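Listing of model13.txt; format and content: compact mmCIF, N, CA and C atoms.
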```
# COMPACT_ATOMS: atom_id res chain seq x y z
N MET A 28 219.39 113.10 137.48
CA MET A 28 218.04 112.94 137.98
C MET A 28 217.06 113.84 137.21
N THR A 29 217.45 115.07 136.97
CA THR A 29 216.57 116.01 136.26
C THR A 29 216.28 115.53 134.85
N GLY A 30 217.28 114.97 134.18
CA GLY A 30 217.09 114.47 132.82
C GLY A 30 216.06 113.35 132.77
N ARG A 31 216.12 112.45 133.73
CA ARG A 31 215.16 111.35 133.78
C ARG A 31 213.75 111.86 134.06
N LEU A 32 213.64 112.79 134.97
CA LEU A 32 212.33 113.36 135.27
C LEU A 32 211.77 114.12 134.07
N ASN A 33 212.63 114.86 133.39
CA ASN A 33 212.17 115.59 132.21
C ASN A 33 211.71 114.65 131.11
N SER A 34 212.38 113.53 130.94
CA SER A 34 211.97 112.58 129.90
C SER A 34 210.64 111.90 130.25
N ALA A 35 210.31 111.83 131.52
CA ALA A 35 209.04 111.23 131.95
C ALA A 35 207.90 112.23 132.00
N GLN A 36 208.20 113.49 131.80
CA GLN A 36 207.18 114.54 131.93
C GLN A 36 205.95 114.33 131.04
N PRO A 37 206.09 114.00 129.77
CA PRO A 37 204.89 113.79 128.94
C PRO A 37 203.99 112.67 129.46
N TYR A 38 204.59 111.64 130.05
CA TYR A 38 203.81 110.54 130.58
C TYR A 38 203.14 110.93 131.90
N ALA A 39 203.82 111.74 132.70
CA ALA A 39 203.22 112.24 133.94
C ALA A 39 202.05 113.16 133.62
N ILE A 40 202.18 113.99 132.60
CA ILE A 40 201.08 114.86 132.18
C ILE A 40 199.91 114.01 131.68
N ALA A 41 200.20 112.96 130.94
CA ALA A 41 199.14 112.07 130.45
C ALA A 41 198.41 111.40 131.62
N LEU A 42 199.14 110.92 132.60
CA LEU A 42 198.51 110.30 133.76
C LEU A 42 197.67 111.31 134.53
N PHE A 43 198.20 112.51 134.71
CA PHE A 43 197.47 113.61 135.36
C PHE A 43 196.18 113.90 134.60
N ARG A 44 196.25 114.01 133.28
CA ARG A 44 195.09 114.29 132.44
C ARG A 44 194.05 113.19 132.57
N ILE A 45 194.47 111.94 132.57
CA ILE A 45 193.55 110.81 132.66
C ILE A 45 192.81 110.83 133.99
N VAL A 46 193.52 111.03 135.07
CA VAL A 46 192.90 111.03 136.41
C VAL A 46 191.93 112.21 136.53
N VAL A 47 192.36 113.39 136.14
CA VAL A 47 191.50 114.58 136.24
C VAL A 47 190.27 114.42 135.35
N GLY A 48 190.45 113.94 134.13
CA GLY A 48 189.32 113.73 133.24
C GLY A 48 188.32 112.73 133.79
N LEU A 49 188.81 111.63 134.35
CA LEU A 49 187.95 110.62 134.93
C LEU A 49 187.14 111.19 136.10
N LEU A 50 187.80 111.90 137.00
CA LEU A 50 187.11 112.48 138.15
C LEU A 50 186.08 113.52 137.72
N PHE A 51 186.43 114.33 136.72
CA PHE A 51 185.51 115.37 136.24
C PHE A 51 184.29 114.73 135.56
N ALA A 52 184.52 113.73 134.74
CA ALA A 52 183.41 113.03 134.08
C ALA A 52 182.53 112.32 135.09
N ALA A 53 183.12 111.79 136.15
CA ALA A 53 182.35 111.11 137.19
C ALA A 53 181.37 112.05 137.87
N HIS A 54 181.78 113.30 138.08
CA HIS A 54 180.87 114.29 138.66
C HIS A 54 179.68 114.54 137.74
N GLY A 55 179.93 114.66 136.46
CA GLY A 55 178.85 114.86 135.51
C GLY A 55 177.92 113.66 135.45
N ALA A 56 178.49 112.45 135.42
CA ALA A 56 177.68 111.24 135.37
C ALA A 56 176.82 111.09 136.62
N ALA A 57 177.38 111.43 137.76
CA ALA A 57 176.62 111.34 139.01
C ALA A 57 175.42 112.29 138.98
N SER A 58 175.63 113.49 138.49
CA SER A 58 174.54 114.47 138.46
C SER A 58 173.50 114.17 137.40
N LEU A 59 173.92 113.63 136.28
CA LEU A 59 172.98 113.39 135.17
C LEU A 59 172.26 112.05 135.28
N PHE A 60 172.95 111.02 135.78
CA PHE A 60 172.39 109.67 135.77
C PHE A 60 172.15 109.07 137.15
N GLY A 61 172.55 109.78 138.19
CA GLY A 61 172.33 109.28 139.55
C GLY A 61 173.26 108.16 139.97
N VAL A 62 174.32 107.92 139.21
CA VAL A 62 175.29 106.89 139.57
C VAL A 62 176.30 107.45 140.56
N LEU A 63 177.06 106.58 141.18
CA LEU A 63 178.15 106.99 142.08
C LEU A 63 177.66 107.90 143.20
N GLY A 64 176.47 107.65 143.68
CA GLY A 64 175.93 108.45 144.79
C GLY A 64 175.02 109.58 144.35
N GLY A 65 174.91 109.82 143.07
CA GLY A 65 173.99 110.84 142.57
C GLY A 65 174.51 112.26 142.73
N ALA A 66 173.68 113.20 142.34
CA ALA A 66 174.04 114.61 142.41
C ALA A 66 174.12 115.05 143.87
N ILE A 67 175.02 115.93 144.16
CA ILE A 67 175.20 116.44 145.51
C ILE A 67 173.92 117.14 145.95
N GLY A 68 173.45 116.79 147.14
CA GLY A 68 172.26 117.41 147.70
C GLY A 68 170.95 116.80 147.24
N THR A 69 170.99 115.66 146.52
CA THR A 69 169.75 115.04 146.03
C THR A 69 169.51 113.66 146.63
N ASP A 70 170.29 113.24 147.58
CA ASP A 70 170.17 111.90 148.19
C ASP A 70 170.18 110.80 147.14
N GLY A 71 171.14 110.88 146.23
CA GLY A 71 171.31 109.85 145.22
C GLY A 71 170.52 110.07 143.95
N GLY A 72 169.88 111.21 143.82
CA GLY A 72 169.06 111.49 142.65
C GLY A 72 169.84 112.20 141.56
N THR A 73 169.10 112.69 140.60
CA THR A 73 169.69 113.41 139.47
C THR A 73 169.19 114.84 139.46
N LEU A 74 169.80 115.64 138.62
CA LEU A 74 169.34 117.01 138.43
C LEU A 74 168.25 117.02 137.36
N ASP A 75 167.28 117.87 137.54
CA ASP A 75 166.22 117.99 136.53
C ASP A 75 166.82 118.53 135.24
N ALA A 76 166.44 117.92 134.13
CA ALA A 76 166.97 118.31 132.81
C ALA A 76 166.67 119.78 132.52
N GLY A 77 167.70 120.48 132.10
CA GLY A 77 167.57 121.87 131.69
C GLY A 77 167.62 122.90 132.80
N THR A 78 167.79 122.47 134.05
CA THR A 78 167.85 123.44 135.14
C THR A 78 169.17 124.18 135.11
N TRP A 79 169.11 125.48 135.34
CA TRP A 79 170.29 126.33 135.29
C TRP A 79 170.80 126.54 136.70
N PRO A 80 172.06 126.51 136.93
CA PRO A 80 173.18 126.16 136.07
C PRO A 80 173.62 124.71 136.22
N GLY A 81 173.02 124.00 137.20
CA GLY A 81 173.51 122.67 137.56
C GLY A 81 173.50 121.64 136.45
N TRP A 82 172.39 121.53 135.73
CA TRP A 82 172.30 120.52 134.68
C TRP A 82 173.29 120.80 133.56
N TYR A 83 173.42 122.07 133.17
CA TYR A 83 174.36 122.43 132.11
C TYR A 83 175.81 122.19 132.55
N ALA A 84 176.08 122.47 133.81
CA ALA A 84 177.42 122.19 134.34
C ALA A 84 177.70 120.70 134.31
N ALA A 85 176.70 119.89 134.63
CA ALA A 85 176.88 118.44 134.62
C ALA A 85 177.15 117.92 133.21
N VAL A 86 176.48 118.49 132.21
CA VAL A 86 176.73 118.09 130.82
C VAL A 86 178.16 118.45 130.43
N ILE A 87 178.59 119.66 130.81
CA ILE A 87 179.97 120.08 130.52
C ILE A 87 180.94 119.15 131.23
N GLN A 88 180.65 118.80 132.47
CA GLN A 88 181.54 117.91 133.22
C GLN A 88 181.66 116.55 132.55
N LEU A 89 180.54 115.99 132.12
CA LEU A 89 180.57 114.67 131.51
C LEU A 89 181.29 114.68 130.17
N VAL A 90 180.92 115.61 129.31
CA VAL A 90 181.49 115.65 127.96
C VAL A 90 182.95 116.09 128.00
N ALA A 91 183.23 117.21 128.66
CA ALA A 91 184.61 117.71 128.72
C ALA A 91 185.50 116.74 129.48
N GLY A 92 184.98 116.15 130.55
CA GLY A 92 185.76 115.17 131.30
C GLY A 92 186.12 113.96 130.46
N ALA A 93 185.16 113.47 129.67
CA ALA A 93 185.44 112.33 128.79
C ALA A 93 186.46 112.68 127.72
N LEU A 94 186.34 113.88 127.14
CA LEU A 94 187.30 114.30 126.12
C LEU A 94 188.70 114.45 126.71
N VAL A 95 188.78 115.04 127.89
CA VAL A 95 190.08 115.18 128.56
C VAL A 95 190.63 113.80 128.91
N LEU A 96 189.78 112.92 129.38
CA LEU A 96 190.21 111.56 129.74
C LEU A 96 190.86 110.85 128.57
N ILE A 97 190.26 110.91 127.39
CA ILE A 97 190.83 110.21 126.24
C ILE A 97 191.84 111.06 125.47
N GLY A 98 191.95 112.33 125.83
CA GLY A 98 192.94 113.19 125.19
C GLY A 98 192.53 113.64 123.80
N LEU A 99 191.26 113.87 123.59
CA LEU A 99 190.76 114.32 122.29
C LEU A 99 190.21 115.74 122.44
N GLY A 100 190.82 116.67 121.73
CA GLY A 100 190.41 118.07 121.87
C GLY A 100 190.68 118.56 123.28
N THR A 101 191.78 118.11 123.83
CA THR A 101 192.09 118.35 125.24
C THR A 101 192.11 119.82 125.60
N ARG A 102 192.80 120.61 124.82
CA ARG A 102 192.94 122.03 125.17
C ARG A 102 191.59 122.75 125.15
N ALA A 103 190.79 122.52 124.13
CA ALA A 103 189.48 123.18 124.04
C ALA A 103 188.54 122.69 125.14
N ALA A 104 188.50 121.38 125.35
CA ALA A 104 187.63 120.81 126.38
C ALA A 104 188.04 121.31 127.77
N ALA A 105 189.34 121.36 128.02
CA ALA A 105 189.83 121.83 129.32
C ALA A 105 189.54 123.32 129.51
N PHE A 106 189.60 124.09 128.44
CA PHE A 106 189.30 125.52 128.52
C PHE A 106 187.84 125.74 128.91
N ILE A 107 186.94 125.02 128.27
CA ILE A 107 185.51 125.13 128.59
C ILE A 107 185.24 124.65 130.01
N ALA A 108 185.87 123.54 130.39
CA ALA A 108 185.69 123.00 131.73
C ALA A 108 186.22 123.97 132.78
N SER A 109 187.36 124.57 132.52
CA SER A 109 187.93 125.54 133.46
C SER A 109 187.01 126.73 133.64
N GLY A 110 186.47 127.22 132.54
CA GLY A 110 185.54 128.34 132.62
C GLY A 110 184.28 128.00 133.38
N SER A 111 183.77 126.80 133.17
CA SER A 111 182.54 126.41 133.89
C SER A 111 182.81 126.30 135.39
N MET A 112 183.98 125.85 135.76
CA MET A 112 184.31 125.74 137.18
C MET A 112 184.59 127.11 137.80
N ALA A 113 185.15 128.02 137.03
CA ALA A 113 185.31 129.39 137.51
C ALA A 113 183.94 130.01 137.77
N TYR A 114 183.01 129.81 136.83
CA TYR A 114 181.64 130.30 137.01
C TYR A 114 181.01 129.68 138.26
N ALA A 115 181.18 128.37 138.42
CA ALA A 115 180.62 127.69 139.59
C ALA A 115 181.17 128.29 140.88
N TYR A 116 182.46 128.55 140.90
CA TYR A 116 183.05 129.09 142.12
C TYR A 116 182.54 130.49 142.41
N PHE A 117 182.63 131.36 141.42
CA PHE A 117 182.28 132.76 141.67
C PHE A 117 180.78 132.99 141.79
N ASP A 118 179.96 132.24 141.08
CA ASP A 118 178.52 132.45 141.14
C ASP A 118 177.86 131.67 142.26
N VAL A 119 178.24 130.42 142.44
CA VAL A 119 177.56 129.55 143.39
C VAL A 119 178.20 129.61 144.78
N HIS A 120 179.51 129.49 144.84
CA HIS A 120 180.18 129.32 146.13
C HIS A 120 180.61 130.62 146.80
N GLN A 121 181.14 131.56 146.04
CA GLN A 121 181.76 132.72 146.68
C GLN A 121 180.76 133.61 147.42
N SER A 122 179.49 133.53 147.07
CA SER A 122 178.50 134.35 147.78
C SER A 122 178.38 133.93 149.25
N ALA A 123 178.76 132.69 149.57
CA ALA A 123 178.69 132.21 150.96
C ALA A 123 179.87 132.69 151.80
N ALA A 124 181.06 132.76 151.20
CA ALA A 124 182.27 133.20 151.91
C ALA A 124 183.38 133.38 150.89
N LEU A 125 184.45 134.05 151.27
CA LEU A 125 185.54 134.34 150.33
C LEU A 125 186.39 133.12 150.02
N TRP A 126 186.80 132.39 151.04
CA TRP A 126 187.75 131.30 150.85
C TRP A 126 187.04 129.99 150.51
N PRO A 127 187.64 129.19 149.60
CA PRO A 127 187.01 127.92 149.20
C PRO A 127 186.75 126.98 150.37
N ILE A 128 187.62 126.96 151.35
CA ILE A 128 187.43 126.06 152.49
C ILE A 128 186.21 126.47 153.30
N GLN A 129 185.85 127.75 153.25
CA GLN A 129 184.69 128.24 153.98
C GLN A 129 183.38 128.09 153.20
N ASN A 130 183.45 128.16 151.87
CA ASN A 130 182.22 128.19 151.08
C ASN A 130 181.92 126.89 150.34
N GLY A 131 182.73 125.84 150.56
CA GLY A 131 182.49 124.56 149.92
C GLY A 131 182.90 124.51 148.45
N GLY A 132 183.70 125.46 148.02
CA GLY A 132 184.07 125.53 146.62
C GLY A 132 185.44 124.97 146.29
N GLU A 133 185.98 124.10 147.16
CA GLU A 133 187.33 123.56 146.91
C GLU A 133 187.39 122.80 145.59
N LEU A 134 186.42 121.94 145.33
CA LEU A 134 186.45 121.17 144.09
C LEU A 134 186.34 122.06 142.86
N SER A 135 185.48 123.06 142.94
CA SER A 135 185.35 123.99 141.80
C SER A 135 186.67 124.70 141.55
N ALA A 136 187.31 125.17 142.60
CA ALA A 136 188.58 125.89 142.45
C ALA A 136 189.67 124.95 141.93
N LEU A 137 189.76 123.75 142.49
CA LEU A 137 190.79 122.81 142.05
C LEU A 137 190.58 122.37 140.60
N PHE A 138 189.34 122.04 140.24
CA PHE A 138 189.08 121.66 138.85
C PHE A 138 189.35 122.82 137.90
N CYS A 139 189.01 124.03 138.32
CA CYS A 139 189.27 125.20 137.47
C CYS A 139 190.75 125.32 137.16
N TRP A 140 191.58 125.22 138.17
CA TRP A 140 193.02 125.40 137.97
C TRP A 140 193.67 124.20 137.30
N THR A 141 193.22 122.99 137.59
CA THR A 141 193.81 121.83 136.93
C THR A 141 193.46 121.80 135.45
N MET A 142 192.23 122.15 135.13
CA MET A 142 191.85 122.21 133.71
C MET A 142 192.59 123.33 132.99
N LEU A 143 192.78 124.45 133.67
CA LEU A 143 193.54 125.54 133.05
C LEU A 143 194.98 125.11 132.78
N LEU A 144 195.56 124.33 133.67
CA LEU A 144 196.90 123.81 133.43
C LEU A 144 196.93 122.93 132.18
N LEU A 145 195.90 122.11 131.99
CA LEU A 145 195.84 121.24 130.81
C LEU A 145 195.67 122.04 129.52
N VAL A 146 195.09 123.22 129.60
CA VAL A 146 195.00 124.09 128.42
C VAL A 146 196.40 124.40 127.92
N PHE A 147 197.33 124.61 128.84
CA PHE A 147 198.69 124.99 128.47
C PHE A 147 199.61 123.81 128.21
N THR A 148 199.36 122.67 128.86
CA THR A 148 200.26 121.52 128.67
C THR A 148 199.83 120.62 127.52
N GLY A 149 198.55 120.59 127.21
CA GLY A 149 198.06 119.67 126.19
C GLY A 149 197.84 118.29 126.78
N SER A 150 197.68 117.30 125.91
CA SER A 150 197.27 115.98 126.36
C SER A 150 198.41 115.09 126.85
N GLY A 151 199.63 115.45 126.57
CA GLY A 151 200.74 114.59 126.98
C GLY A 151 201.00 113.50 125.98
N ALA A 152 201.66 112.47 126.40
CA ALA A 152 202.14 111.44 125.49
C ALA A 152 201.07 110.46 125.03
N LEU A 153 200.02 110.28 125.79
CA LEU A 153 199.09 109.20 125.51
C LEU A 153 197.73 109.66 125.00
N GLY A 154 197.62 110.89 124.55
CA GLY A 154 196.33 111.40 124.12
C GLY A 154 196.01 111.09 122.67
N LEU A 155 194.71 111.00 122.37
CA LEU A 155 194.29 110.80 120.98
C LEU A 155 194.65 111.99 120.11
N ASP A 156 194.77 113.18 120.70
CA ASP A 156 195.21 114.36 119.95
C ASP A 156 196.52 114.07 119.22
N ARG A 157 197.44 113.52 119.94
CA ARG A 157 198.77 113.23 119.39
C ARG A 157 198.70 112.13 118.34
N LEU A 158 197.89 111.11 118.59
CA LEU A 158 197.75 110.02 117.63
C LEU A 158 197.14 110.52 116.32
N LEU A 159 196.09 111.31 116.41
CA LEU A 159 195.45 111.84 115.20
C LEU A 159 196.37 112.81 114.46
N ALA A 160 197.11 113.61 115.19
CA ALA A 160 198.04 114.54 114.55
C ALA A 160 199.13 113.79 113.80
N ALA A 161 199.58 112.68 114.35
CA ALA A 161 200.62 111.89 113.70
C ALA A 161 200.10 111.22 112.44
N ARG A 162 198.83 110.82 112.43
CA ARG A 162 198.25 110.17 111.25
C ARG A 162 197.99 111.14 110.11
N THR A 163 197.56 112.35 110.43
CA THR A 163 197.17 113.30 109.38
C THR A 163 198.32 114.17 108.91
N SER A 164 199.39 114.21 109.66
CA SER A 164 200.51 115.08 109.33
C SER A 164 201.43 114.42 108.29
N PRO A 165 201.78 115.16 107.24
CA PRO A 165 202.72 114.60 106.27
C PRO A 165 204.18 114.75 106.69
N ALA A 166 204.41 115.13 107.92
CA ALA A 166 205.77 115.36 108.40
C ALA A 166 206.57 114.07 108.39
N THR A 167 207.84 114.21 108.22
CA THR A 167 208.72 113.05 108.25
C THR A 167 208.97 112.61 109.68
N GLU A 168 209.50 111.44 109.85
CA GLU A 168 209.82 110.93 111.18
C GLU A 168 210.78 111.85 111.91
N GLU A 169 211.74 112.44 111.20
CA GLU A 169 212.71 113.33 111.85
C GLU A 169 212.02 114.57 112.39
N GLN A 170 211.05 115.11 111.65
CA GLN A 170 210.33 116.28 112.13
C GLN A 170 209.48 115.92 113.35
N ARG A 171 208.82 114.77 113.32
CA ARG A 171 208.00 114.35 114.45
C ARG A 171 208.84 114.14 115.70
N ALA A 172 210.02 113.59 115.53
CA ALA A 172 210.90 113.34 116.67
C ALA A 172 211.34 114.64 117.34
N SER A 173 211.42 115.72 116.56
CA SER A 173 211.89 116.99 117.15
C SER A 173 210.75 117.78 117.76
N GLU A 174 209.48 117.37 117.55
CA GLU A 174 208.35 118.08 118.13
C GLU A 174 208.24 117.75 119.61
N PRO A 175 207.84 118.74 120.44
CA PRO A 175 207.62 118.44 121.85
C PRO A 175 206.38 117.57 122.01
N VAL A 176 206.42 116.67 122.96
CA VAL A 176 205.34 115.72 123.16
C VAL A 176 204.09 116.40 123.71
N THR A 177 204.26 117.44 124.50
CA THR A 177 203.11 118.07 125.16
C THR A 177 202.41 119.11 124.29
N ALA A 178 202.93 119.41 123.12
CA ALA A 178 202.31 120.45 122.31
C ALA A 178 201.17 119.91 121.48
```

Take the structure from the file and write it as structure tokens.
Amino acid sequence: MTGRLNSAQPYAIALFRIVVGLLFAAHGAASLFGVLGGAIGTDGGTLDAGTWPGWYAAVIQLVAGALVLIGLGTRAAAFIASGSMAYAYFDVHQSAALWPIQNGGELSALFCWTMLLLVFTGSGALGLDRLLAARTSPATEEQRASEPVTA
């Protein structure tokens, strides 16, 4: 059983990355374009361009979420996204209360930790990172076969 689960791990990471990237990008799109219910607290509206920190966070969410979704520059995009969510939690939410359930910062905390996990796992089996690396690398098929899928 463990062997089968281990062989499916790169695909599970890819599915995890796709779902997290889609959800993260959706938050950015909602705040920037007013789709999917709009920005939180605006009754379906958008954030004013250039307002700190919300508008910049929404741009990071949209761009980093899209990059994570397609698996392009996954580690760097996830690192920036994780940092922005850590900032959101500690600057915006924690002043209200210590625990995320009390201060409304559950999503910030969850996105921070899930993106940080993707920094360490990479894009998985289905990311463009892996496709581009395979095209540009002069490695032989034997060398590629011995490389870990998540690196």

Report the residues of chain A whose backbone DSSP state falls under helix (DSSP H, G or I), written as a PyMOL selection string.
-> chain A and resi 29-60+81-97+101-120+127-130+133-148+155-163+168-173

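Here the question is which of A:Phe51, A:Phe147, A:Phe106, A:Trp126 gets nearest to Leu89 in chain A using only N, CA and C atoms, and that residue is A:Phe51.
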
(request) Find the spatial neighbours of Leu42 in chain A, counting all atoms listed in the file, within a cut-off of 8 Å - ignore same-chain residues fewer than 3 positions away - and output them as an MDAnalysis selection string. (result) chainID A and resid 36:39 45:48 150:153

Please dump the current selection as a short mmCIF file (atom, residue, chain, number, x, y, z; two decimals), in the coordinates of the input; keep N, CA and C atoms.
```cif
data_model
loop_
_atom_site.label_atom_id
_atom_site.label_comp_id
_atom_site.auth_asym_id
_atom_site.auth_seq_id
_atom_site.Cartn_x
_atom_site.Cartn_y
_atom_site.Cartn_z
N GLN A 36 208.20 113.49 131.80
CA GLN A 36 207.18 114.54 131.93
C GLN A 36 205.95 114.33 131.04
N PRO A 37 206.09 114.00 129.77
CA PRO A 37 204.89 113.79 128.94
C PRO A 37 203.99 112.67 129.46
N TYR A 38 204.59 111.64 130.05
CA TYR A 38 203.81 110.54 130.58
C TYR A 38 203.14 110.93 131.90
N ALA A 39 203.82 111.74 132.70
CA ALA A 39 203.22 112.24 133.94
C ALA A 39 202.05 113.16 133.62
N ILE A 45 194.47 111.94 132.57
CA ILE A 45 193.55 110.81 132.66
C ILE A 45 192.81 110.83 133.99
N VAL A 46 193.52 111.03 135.07
CA VAL A 46 192.90 111.03 136.41
C VAL A 46 191.93 112.21 136.53
N VAL A 47 192.36 113.39 136.14
CA VAL A 47 191.50 114.58 136.24
C VAL A 47 190.27 114.42 135.35
N GLY A 48 190.45 113.94 134.13
CA GLY A 48 189.32 113.73 133.24
C GLY A 48 188.32 112.73 133.79
N SER A 150 197.68 117.30 125.91
CA SER A 150 197.27 115.98 126.36
C SER A 150 198.41 115.09 126.85
N GLY A 151 199.63 115.45 126.57
CA GLY A 151 200.74 114.59 126.98
C GLY A 151 201.00 113.50 125.98
N ALA A 152 201.66 112.47 126.40
CA ALA A 152 202.14 111.44 125.49
C ALA A 152 201.07 110.46 125.03
N LEU A 153 200.02 110.28 125.79
CA LEU A 153 199.09 109.20 125.51
C LEU A 153 197.73 109.66 125.00
#
```

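Atom to atom, CA of Leu63 in chain A and CA of Ala91 in chain A stand 18.3 Å apart.
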
Centre and size of axis-aligned box enclosing range 121-140 of chain A plus 8 Å each side, as lines of an AutoDock Vina configuration file:
```
center_x = 186.0
center_y = 127.8
center_z = 145.6
size_x = 31.3
size_y = 29.2
size_z = 32.8
```

Min atom-atom distance to Ala160 in chain A from the set A:Met142, A:Gly100, A:Tyr116, A:Asn130, counting only C-alpha atoms, belongs to A:Gly100

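Atom N of Gly110 in chain A is positioned 19.6 Å from atom C of Ala124 in chain A.
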
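Proximity of A:Ala56, A:Leu155, A:Leu50, A:Leu125 to Ile97 in chain A, computed with only C-alpha atoms, is greatest for A:Leu155.
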
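Excluding Asp75 in chain A and any residue on its chain fewer than 6 positions from it, the residues at most 8 Å away by all atoms listed in the file are Ser58, Leu59, Gly81, Trp82 and Tyr83 of chain A.
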
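The interatomic distance for the pair CA of Gly92 in chain A and atom N of Gly131 in chain A works out to 22.2 Å.
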
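In terms of minimum interatomic distance to Leu144 in chain A, A:Arg102 ranks closest within A:Arg102, A:Thr29, A:Leu96, A:Pro80, counting only C-alpha atoms.
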
Using the block above, I'd like range 139-160 of chain A written out, keeping N, CA and C atoms and formatting it as a PDB file, in the first residue's frame.
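So the final result, stored in selection_2.pdb, reads:
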```
ATOM      1  N   CYS A 139      -1.004  30.813   3.903  1.00  0.00           N
ATOM      2  CA  CYS A 139       0.415  30.987   4.239  1.00  0.00           C
ATOM      3  C   CYS A 139       1.107  29.635   4.344  1.00  0.00           C
ATOM      4  N   TRP A 140       0.516  28.717   5.074  1.00  0.00           N
ATOM      5  CA  TRP A 140       1.154  27.416   5.290  1.00  0.00           C
ATOM      6  C   TRP A 140       1.078  26.517   4.064  1.00  0.00           C
ATOM      7  N   THR A 141      -0.006  26.576   3.301  1.00  0.00           N
ATOM      8  CA  THR A 141      -0.073  25.738   2.103  1.00  0.00           C
ATOM      9  C   THR A 141       0.911  26.213   1.049  1.00  0.00           C
ATOM     10  N   MET A 142       1.043  27.516   0.906  1.00  0.00           N
ATOM     11  CA  MET A 142       2.029  28.032  -0.054  1.00  0.00           C
ATOM     12  C   MET A 142       3.455  27.716   0.402  1.00  0.00           C
ATOM     13  N   LEU A 143       3.691  27.793   1.696  1.00  0.00           N
ATOM     14  CA  LEU A 143       5.023  27.439   2.199  1.00  0.00           C
ATOM     15  C   LEU A 143       5.334  25.971   1.923  1.00  0.00           C
ATOM     16  N   LEU A 144       4.349  25.108   2.038  1.00  0.00           N
ATOM     17  CA  LEU A 144       4.550  23.703   1.701  1.00  0.00           C
ATOM     18  C   LEU A 144       4.941  23.550   0.234  1.00  0.00           C
ATOM     19  N   LEU A 145       4.302  24.307  -0.653  1.00  0.00           N
ATOM     20  CA  LEU A 145       4.630  24.231  -2.078  1.00  0.00           C
ATOM     21  C   LEU A 145       6.032  24.748  -2.382  1.00  0.00           C
ATOM     22  N   VAL A 146       6.548  25.636  -1.546  1.00  0.00           N
ATOM     23  CA  VAL A 146       7.940  26.081  -1.714  1.00  0.00           C
ATOM     24  C   VAL A 146       8.867  24.881  -1.603  1.00  0.00           C
ATOM     25  N   PHE A 147       8.566  23.974  -0.696  1.00  0.00           N
ATOM     26  CA  PHE A 147       9.431  22.826  -0.455  1.00  0.00           C
ATOM     27  C   PHE A 147       9.133  21.628  -1.354  1.00  0.00           C
ATOM     28  N   THR A 148       7.879  21.475  -1.796  1.00  0.00           N
ATOM     29  CA  THR A 148       7.547  20.310  -2.622  1.00  0.00           C
ATOM     30  C   THR A 148       7.730  20.576  -4.113  1.00  0.00           C
ATOM     31  N   GLY A 149       7.604  21.811  -4.535  1.00  0.00           N
ATOM     32  CA  GLY A 149       7.660  22.113  -5.960  1.00  0.00           C
ATOM     33  C   GLY A 149       6.313  21.869  -6.607  1.00  0.00           C
ATOM     34  N   SER A 150       6.308  21.820  -7.934  1.00  0.00           N
ATOM     35  CA  SER A 150       5.047  21.786  -8.670  1.00  0.00           C
ATOM     36  C   SER A 150       4.436  20.396  -8.816  1.00  0.00           C
ATOM     37  N   GLY A 151       5.180  19.362  -8.552  1.00  0.00           N
ATOM     38  CA  GLY A 151       4.637  18.026  -8.736  1.00  0.00           C
ATOM     39  C   GLY A 151       4.776  17.563 -10.167  1.00  0.00           C
ATOM     40  N   ALA A 152       3.998  16.594 -10.535  1.00  0.00           N
ATOM     41  CA  ALA A 152       4.158  15.922 -11.821  1.00  0.00           C
ATOM     42  C   ALA A 152       3.618  16.710 -13.007  1.00  0.00           C
ATOM     43  N   LEU A 153       2.669  17.581 -12.797  1.00  0.00           N
ATOM     44  CA  LEU A 153       1.966  18.188 -13.918  1.00  0.00           C
ATOM     45  C   LEU A 153       2.273  19.667 -14.122  1.00  0.00           C
ATOM     46  N   GLY A 154       3.332  20.169 -13.543  1.00  0.00           N
ATOM     47  CA  GLY A 154       3.629  21.588 -13.652  1.00  0.00           C
ATOM     48  C   GLY A 154       4.432  21.943 -14.891  1.00  0.00           C
ATOM     49  N   LEU A 155       4.258  23.183 -15.355  1.00  0.00           N
ATOM     50  CA  LEU A 155       5.048  23.664 -16.484  1.00  0.00           C
ATOM     51  C   LEU A 155       6.530  23.744 -16.137  1.00  0.00           C
ATOM     52  N   ASP A 156       6.857  23.919 -14.860  1.00  0.00           N
ATOM     53  CA  ASP A 156       8.260  23.908 -14.427  1.00  0.00           C
ATOM     54  C   ASP A 156       8.963  22.651 -14.920  1.00  0.00           C
ATOM     55  N   ARG A 157       8.330  21.542 -14.707  1.00  0.00           N
ATOM     56  CA  ARG A 157       8.905  20.248 -15.077  1.00  0.00           C
ATOM     57  C   ARG A 157       8.988  20.098 -16.596  1.00  0.00           C
ATOM     58  N   LEU A 158       7.959  20.556 -17.294  1.00  0.00           N
ATOM     59  CA  LEU A 158       7.956  20.471 -18.750  1.00  0.00           C
ATOM     60  C   LEU A 158       9.078  21.321 -19.346  1.00  0.00           C
ATOM     61  N   LEU A 159       9.225  22.539 -18.871  1.00  0.00           N
ATOM     62  CA  LEU A 159      10.280  23.415 -19.388  1.00  0.00           C
ATOM     63  C   LEU A 159      11.668  22.896 -19.028  1.00  0.00           C
ATOM     64  N   ALA A 160      11.822  22.347 -17.849  1.00  0.00           N
ATOM     65  CA  ALA A 160      13.112  21.793 -17.446  1.00  0.00           C
ATOM     66  C   ALA A 160      13.488  20.609 -18.327  1.00  0.00           C
TER      67      ALA A 160
END
```
